[in-house]
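Structure below is my_file.txt: compact mmCIF, C-alpha atoms and all ligand atoms.
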```txt
# COMPACT_ATOMS: atom_id res chain seq x y z
CA MET G 1 4.30 25.54 -24.89
CA SER G 2 2.71 23.50 -27.69
CA GLU G 3 4.39 20.40 -26.27
CA ASN G 4 2.82 21.11 -22.89
CA ARG G 5 -0.54 21.60 -24.56
CA SER G 6 -0.31 18.27 -26.35
CA GLN G 7 0.77 16.54 -23.13
CA ILE G 8 -2.25 18.03 -21.34
CA ASP G 9 -4.49 16.88 -24.21
CA GLU G 10 -3.04 13.38 -23.93
CA ILE G 11 -3.69 13.27 -20.18
CA LEU G 12 -7.22 14.66 -20.68
CA ASN G 13 -7.89 12.07 -23.33
CA GLY G 14 -6.69 9.39 -20.92
CA LEU G 15 -8.93 10.75 -18.15
CA ILE G 16 -11.99 10.84 -20.40
CA ASN G 17 -11.52 7.58 -22.27
CA GLY G 18 -9.09 5.57 -20.23
CA ILE G 19 -7.87 4.59 -16.83
CA GLY G 20 -4.78 5.24 -14.71
CA ILE G 21 -2.68 2.40 -13.29
CA TYR G 22 0.01 3.08 -10.73
CA GLU G 23 2.71 1.79 -8.42
CA THR G 24 4.54 3.52 -5.60
CA VAL G 25 8.17 2.61 -4.93
CA ARG G 26 9.98 3.62 -1.73
CA LEU G 27 13.61 4.65 -1.96
CA TYR G 28 15.87 4.26 1.06
CA ASN G 29 18.99 6.45 0.75
CA GLY G 30 18.33 6.63 -2.97
CA LYS G 31 17.97 2.86 -3.35
CA PRO G 32 14.60 1.33 -4.28
CA PHE G 33 13.17 -1.56 -2.29
CA ALA G 34 11.45 -4.49 -4.07
CA ILE G 35 11.63 -2.81 -7.48
CA GLU G 36 11.13 -6.08 -9.43
CA GLU G 37 7.97 -6.88 -7.50
CA HIS G 38 6.57 -3.39 -8.13
CA TYR G 39 7.40 -3.72 -11.83
CA LYS G 40 5.70 -7.12 -12.03
CA ARG G 41 2.62 -5.84 -10.21
CA LEU G 42 2.39 -2.84 -12.57
CA LEU G 43 2.55 -5.19 -15.58
CA SER G 44 -0.11 -7.37 -13.97
CA SER G 45 -2.42 -4.35 -13.42
CA LEU G 46 -1.81 -3.21 -16.99
CA SER G 47 -2.66 -6.65 -18.35
CA TYR G 48 -6.33 -6.14 -17.31
CA VAL G 49 -6.71 -3.24 -19.75
CA THR G 50 -4.04 -3.38 -22.44
CA ASP G 51 -1.58 -5.58 -24.29
CA GLU G 52 1.01 -2.80 -24.14
CA LYS G 53 3.83 -3.04 -21.63
CA LEU G 54 6.21 -0.61 -20.03
CA SER G 55 9.76 -1.93 -20.44
CA VAL G 56 11.79 -2.76 -17.34
CA GLU G 57 14.42 -0.23 -18.47
CA ASP G 58 11.83 2.57 -18.65
CA PHE G 59 10.40 1.54 -15.28
CA GLU G 60 13.88 1.68 -13.73
CA ARG G 61 14.50 5.09 -15.32
CA PHE G 62 11.24 6.37 -13.80
CA VAL G 63 12.18 5.06 -10.36
CA PHE G 64 15.68 6.54 -10.37
CA SER G 65 16.23 9.47 -8.02
CA ASN G 66 19.24 11.57 -7.05
CA ASP G 67 17.60 12.37 -3.72
CA GLU G 68 19.13 10.37 -0.89
CA GLY G 69 16.47 11.43 1.62
CA ASP G 70 13.06 9.88 2.45
CA VAL G 71 11.52 9.62 -0.99
CA ARG G 72 8.82 7.71 -2.82
CA VAL G 73 8.24 7.64 -6.53
CA LYS G 74 4.84 7.11 -8.13
CA ILE G 75 4.81 5.57 -11.59
CA ILE G 76 1.55 6.40 -13.30
CA CYS G 77 0.45 4.77 -16.55
CA VAL G 78 -2.53 6.22 -18.38
CA VAL G 79 -4.15 3.69 -20.68
CA SER G 80 -6.44 4.92 -23.47
CA ASP G 81 -5.69 4.81 -27.21
CA ARG G 82 -2.08 4.11 -26.24
CA LEU G 83 -0.01 3.72 -23.10
CA ARG G 84 1.57 6.84 -21.59
CA CYS G 85 3.60 6.63 -18.41
CA PHE G 86 4.85 9.34 -16.07
CA SER G 87 6.56 9.46 -12.74
CA LYS G 88 6.28 11.75 -9.76
CA GLU G 89 8.89 11.87 -7.04
CA GLU G 90 7.74 12.96 -3.60
CA ARG G 91 9.78 13.84 -0.55
CA ILE G 92 8.03 12.36 2.48
CA GLU G 93 8.26 13.28 6.13
CA SER G 94 11.42 11.74 7.58
CA ASP G 95 10.99 8.33 9.23
CA GLU G 96 12.30 9.85 12.47
CA GLU G 97 9.50 12.44 12.60
CA PHE G 98 6.86 10.07 11.29
CA PHE G 99 7.43 7.28 13.80
CA ASN G 100 7.15 9.70 16.73
CA LYS G 101 3.51 10.42 15.93
CA GLU G 102 0.38 8.83 17.38
CA ILE G 103 -1.27 6.69 14.74
CA VAL G 104 -5.05 6.50 15.03
CA ILE G 105 -7.14 4.51 12.57
CA ASP G 106 -10.87 3.85 12.25
CA ILE G 107 -13.29 1.54 10.48
CA SER G 108 -14.62 2.98 7.23
CA ASN G 109 -18.34 3.15 6.54
CA ILE G 110 -17.52 2.40 2.89
CA ARG G 111 -17.58 -1.30 1.97
CA HIS G 112 -14.65 -2.85 0.12
CA ALA G 113 -15.48 -3.67 -3.50
CA ASP G 114 -16.29 -7.30 -4.10
CA PRO G 115 -13.26 -8.99 -5.70
CA LEU G 116 -15.62 -10.36 -8.37
CA SER G 117 -16.35 -6.76 -9.40
CA ILE G 118 -12.87 -5.26 -9.08
CA PRO G 119 -9.87 -7.60 -8.96
CA PRO G 120 -8.02 -6.63 -5.74
CA ASN G 121 -4.66 -6.67 -7.53
CA PHE G 122 -5.83 -4.30 -10.28
CA LYS G 123 -4.13 -1.23 -8.83
CA SER G 124 -5.92 1.67 -10.48
CA LEU G 125 -6.00 5.37 -9.69
CA GLY G 126 -9.12 6.75 -8.01
CA ARG G 127 -10.68 3.33 -7.38
CA PRO G 128 -14.07 4.48 -6.02
CA ASP G 129 -14.33 2.42 -2.80
CA LEU G 130 -10.75 3.24 -1.73
CA TYR G 131 -11.04 6.84 -2.92
CA LEU G 132 -14.26 7.49 -0.98
CA ALA G 133 -12.86 5.81 2.12
CA ARG G 134 -9.77 8.03 1.94
CA LEU G 135 -11.86 11.11 1.25
CA ASN G 136 -13.95 10.52 4.37
CA LYS G 137 -11.16 9.49 6.72
CA GLY G 138 -10.68 12.95 8.23
CA ASN G 139 -7.69 13.01 10.58
CA PHE G 140 -7.46 9.25 10.91
CA TYR G 141 -4.22 7.90 9.48
CA ASP G 142 -6.12 5.30 7.50
CA VAL G 143 -9.51 3.61 7.68
CA ILE G 144 -10.13 -0.13 7.42
CA LEU G 145 -12.68 -1.36 4.90
CA LEU G 146 -14.82 -4.41 5.60
CA GLY G 147 -15.88 -6.75 2.83
CA ASN G 148 -19.39 -7.80 1.86
CA LYS G 149 -19.40 -10.63 4.42
CA GLY G 150 -18.23 -8.32 7.18
CA GLN G 151 -14.67 -9.63 6.95
CA VAL G 152 -11.81 -7.24 7.66
CA CYS G 153 -10.11 -6.42 4.35
CA GLU G 154 -7.53 -3.65 4.31
CA GLY G 155 -6.93 0.06 4.70
CA SER G 156 -7.41 2.50 1.82
CA PHE G 157 -3.64 2.36 1.22
CA SER G 158 -2.38 -0.26 3.65
CA ASN G 159 -2.69 -3.87 4.81
CA ILE G 160 -3.60 -4.62 8.41
CA PHE G 161 -2.09 -7.04 10.95
CA ILE G 162 -3.20 -7.73 14.51
CA ILE G 163 -1.31 -9.29 17.39
CA LYS G 164 -3.16 -11.38 19.98
CA ASN G 165 -1.35 -13.39 22.65
CA LYS G 166 1.91 -13.01 20.66
CA LYS G 167 0.27 -14.55 17.56
CA ILE G 168 0.29 -12.38 14.45
CA ILE G 169 -2.86 -12.47 12.35
CA THR G 170 -3.65 -10.84 9.02
CA PRO G 171 -6.56 -11.09 6.55
CA SER G 172 -5.87 -13.82 3.98
CA LEU G 173 -5.68 -12.93 0.28
CA GLU G 174 -9.04 -14.77 -0.06
CA SER G 175 -10.57 -11.95 2.02
CA GLY G 176 -10.37 -9.97 -1.25
CA ILE G 177 -7.35 -7.76 -0.57
CA LEU G 178 -4.38 -6.39 -2.48
CA ASN G 179 -1.37 -8.70 -2.32
CA GLY G 180 0.64 -5.92 -0.67
CA ILE G 181 4.36 -6.09 -1.34
CA THR G 182 5.17 -4.92 2.19
CA ARG G 183 2.69 -7.46 3.61
CA LYS G 184 4.42 -10.23 1.66
CA HIS G 185 7.88 -9.23 2.89
CA VAL G 186 6.67 -8.79 6.47
CA LEU G 187 5.17 -12.31 6.39
CA LYS G 188 8.43 -13.69 5.04
CA MET G 189 10.50 -11.85 7.64
CA LEU G 190 8.25 -12.97 10.51
CA ARG G 191 8.17 -16.62 9.43
CA GLU G 192 11.92 -16.72 8.88
CA SER G 193 12.35 -15.33 12.39
CA GLY G 194 10.14 -18.05 13.90
CA TYR G 195 6.96 -16.04 14.62
CA GLU G 196 3.60 -17.73 14.34
CA VAL G 197 1.64 -15.94 11.63
CA ILE G 198 -1.93 -16.75 10.63
CA GLU G 199 -3.60 -15.64 7.40
CA LYS G 200 -7.38 -16.03 7.67
CA TYR G 201 -10.77 -14.34 7.51
CA VAL G 202 -10.63 -11.75 10.29
CA GLU G 203 -13.69 -10.41 12.10
CA LEU G 204 -14.04 -6.80 13.27
CA LYS G 205 -14.14 -7.89 16.94
CA GLU G 206 -10.63 -9.29 16.53
CA ILE G 207 -9.35 -5.76 15.90
CA ILE G 208 -11.29 -4.40 18.87
CA TYR G 209 -9.87 -7.04 21.24
CA ALA G 210 -6.37 -7.11 19.71
CA ASP G 211 -3.33 -6.53 21.90
CA GLU G 212 -1.63 -4.67 19.07
CA VAL G 213 -2.43 -3.57 15.54
CA PHE G 214 -0.07 -2.49 12.80
CA LEU G 215 -0.39 -1.47 9.17
CA THR G 216 1.99 -2.15 6.32
CA HIS G 217 2.53 -0.13 3.16
CA THR G 218 5.37 0.71 0.81
CA SER G 219 6.03 4.28 1.95
CA ARG G 220 6.48 3.39 5.64
CA GLY G 221 7.00 -0.34 6.10
CA ILE G 222 5.44 -1.39 9.43
CA VAL G 223 3.32 1.31 11.12
CA PRO G 224 2.33 0.60 14.76
CA VAL G 225 -1.24 1.73 15.54
CA ASN G 226 -1.93 3.47 18.87
CA SER G 227 -5.70 3.42 18.80
CA LEU G 228 -8.90 2.65 16.95
CA GLY G 229 -11.30 5.55 16.60
CA ASN G 230 -9.75 7.29 19.64
CA LYS G 231 -11.68 4.77 21.77
CA VAL G 232 -9.70 1.53 21.83
CA ASN G 233 -6.02 1.81 22.76
CA PHE G 234 -3.39 -0.70 21.74
CA SER G 235 0.04 -1.48 23.05
CA VAL G 236 2.76 -0.74 20.48
CA GLU G 237 5.60 -2.61 22.18
CA MET G 238 5.96 -5.57 19.84
CA SER G 239 4.94 -3.58 16.73
CA LYS G 240 7.69 -1.01 17.38
CA TYR G 241 10.17 -3.81 17.67
CA LEU G 242 8.92 -5.25 14.37
CA THR G 243 9.18 -1.81 12.70
CA LYS G 244 12.89 -1.74 13.52
CA MET G 245 13.31 -5.36 12.50
CA PHE G 246 11.74 -4.58 9.13
CA GLU G 247 14.02 -1.56 8.65
CA GLU G 248 16.99 -3.89 9.11
CA TYR G 249 15.42 -6.45 6.76
CA VAL G 250 15.01 -3.75 4.07
CA ASN G 251 18.54 -2.43 4.57
CA ALA G 252 19.96 -5.92 4.15
CA LYS G 253 17.97 -6.39 0.91
CA ILE G 254 18.96 -3.10 -0.76
CA GLN G 255 22.71 -3.42 -0.08
N1 LIG G 301 -3.96 -2.08 0.27
C1 LIG G 301 -4.31 -1.13 -0.61
C2 LIG G 301 -5.74 -0.96 -0.98
C3 LIG G 301 -3.33 -0.29 -1.18
O1 LIG G 301 -3.68 0.65 -2.06
C4 LIG G 301 -1.98 -0.47 -0.78
C5 LIG G 301 -0.93 0.38 -1.34
O2 LIG G 301 -1.13 1.18 -2.20
C6 LIG G 301 -1.67 -1.46 0.15
C7 LIG G 301 -2.69 -2.27 0.64
C8 LIG G 301 -0.24 -1.69 0.58
O3 LIG G 301 0.46 -2.35 -0.44
P1 LIG G 301 2.03 -2.22 -0.60
O4 LIG G 301 2.64 -2.82 0.60
O5 LIG G 301 2.34 -2.99 -1.84
O6 LIG G 301 2.35 -0.75 -0.71
```
How does this structure look as structure tokens?
Amino acid sequence: MSENRSQIDEILNGLINGIGIYETVRLYNGKPFAIEEHYKRLLSSLSYVTDEKLSVEDFERFVFSNDEGDVRVKIICVVSDRLRCFSKEERIESDEEFFNKEIVIDISNIRHADPLSIPPNFKSLGRPDLYLARLNKGNFYDVILLGNKGQVCEGSFSNIFIIKNKKIITPSLESGILNGITRKHVLKMLRESGYEVIEKYVELKEIIYADEVFLTHTSRGIVPVNSLGNKVNFSVEMSKYLTKMFEEYVNAKIQ
């Protein structure tokens, strides 16, 4: 009991005086994907606020799971007077069920923080712009935040890609977005397979007139989007194909 009390005090102290840094790792049949990249990104986020590091052995221990189902693990590091890290394993809806659903997204009325104010790769808990966007997204799967020049940035927990005339386009890192680990692997997979992929400043109209739109994030890989704000419908033909292709890419990497 007293141990619990002191743990709660530590967390409270962290909430009051500190900040939470996190990573989410997806496990496929109990095996983590891109664990080194998640570890490196966590260290990079931590380096903004502390000299302390979580060891790779501790990170791997946190990520380990006996569950061979659809699982993600969140590693949360609270930084205040010292570094305290925790992990939380979550069962997620099976991929089979998930990919049978209609995915509808919208544009957020919250602006993306300027990268000069909040470094996009500083992955902190409760980051206000992303938190408010998520809070107000209602039933939309995710909402896309625009930057201060009107450029398309990213979702509140995902990166966005559009397909136009078979070309695949995604906001460049200079748009002020998180260097998503799924985004990076999807770009690699697409380029290795001979697709034309363009990273650039993307305007809102390019989403509206896209043939297809898909999101990428750790928990689900490539997520085909059916419509924008229930008003603009997209084809999902190529995106669905890419979802499968990415599943095979991941399976080959975790073997
Ligand atoms: N963009 C934001 C703002 C995010 O929070 C996340 C994931 O948490 C992503 C994009 C997707 O990144 P990743 O593919 O590394 O999960």
| Do you know which residues are within 7 Å of ligand LIG 301 (chain G) using all atoms listed in the file? Can you write them as a PyMOL selection string? | chain G and resi 24+130+154-159+177-183+216-219
| Between G:Asn139, G:Ser44, G:Ser175, G:Ser239, which one has atoms that come closest to G:Leu215, using only C-alpha atoms? | G:Ser239
Per residue of stretch 117-209 of chain G within 9 Å of stretch 224-231 of chain G, what are the shortest atom pair and its distance in Å to one decimal, counting all atoms listed in the file, with rows by chain and residue number, as a tab-separated table?
```
residue	atom	partner	partner_atom	distance
G:Phe140	CA	G:Gly229	CA	7.8
G:Ile207	CA	G:Leu228	CA	8.5
G:Ile208	CA	G:Leu228	CA	7.7
```
Okay, now the selection with C-alpha atoms, as a CSV table (one decimal), in the frame of the given file?
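Wrote part15.csv, looks like this:
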```csv
chain,number,residue,atom,x,y,z
G,140,PHE,CA,-7.5,9.2,10.9
G,207,ILE,CA,-9.4,-5.8,15.9
G,208,ILE,CA,-11.3,-4.4,18.9
```
| task | Enter the distance from atom CA of G:Met238 to atom CA of G:Met189, in Å, rounded to one decimal. | result |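 That distance, rounded to one decimal, is 14.5 Å.
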| field | Atom pair atom CA of G:Glu68 / atom CA of G:Phe33: separation (Å) | value | 13.4 Å
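Using all atoms listed in the file, the shortest contact distance between G:Lys188 and any of G:Phe246, G:Lys166, G:Pro128, G:Phe161 is found at G:Phe246.
With distances restricted to only C-alpha atoms, G:Glu37 is the closest residue to G:Lys184 from G:Glu96, G:Asp67, G:Glu37, G:Asp51.
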| field | For G:Lys101, the nearest of the candidates G:Val232, G:Val223, G:Ser117, G:Asn251, counting all atoms listed in the file | value |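 When distances to G:Lys101 are compared using all atoms listed in the file, the smallest one comes from G:Val223.
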| query | In terms of the shortest atom-to-atom distance over all atoms listed in the file, which of G:Val143, G:Pro171, G:Leu12, G:Ser6 is closest to G:Val197? | reply | G:Pro171
| request: Check the smallest atom-to-atom distance from each of G:Tyr22, G:Tyr39, G:Tyr28, G:Phe234 to G:Asp211 using all atoms listed in the file, then report the winner. | output: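 Distance minimum relative to G:Asp211 lands on G:Phe234.
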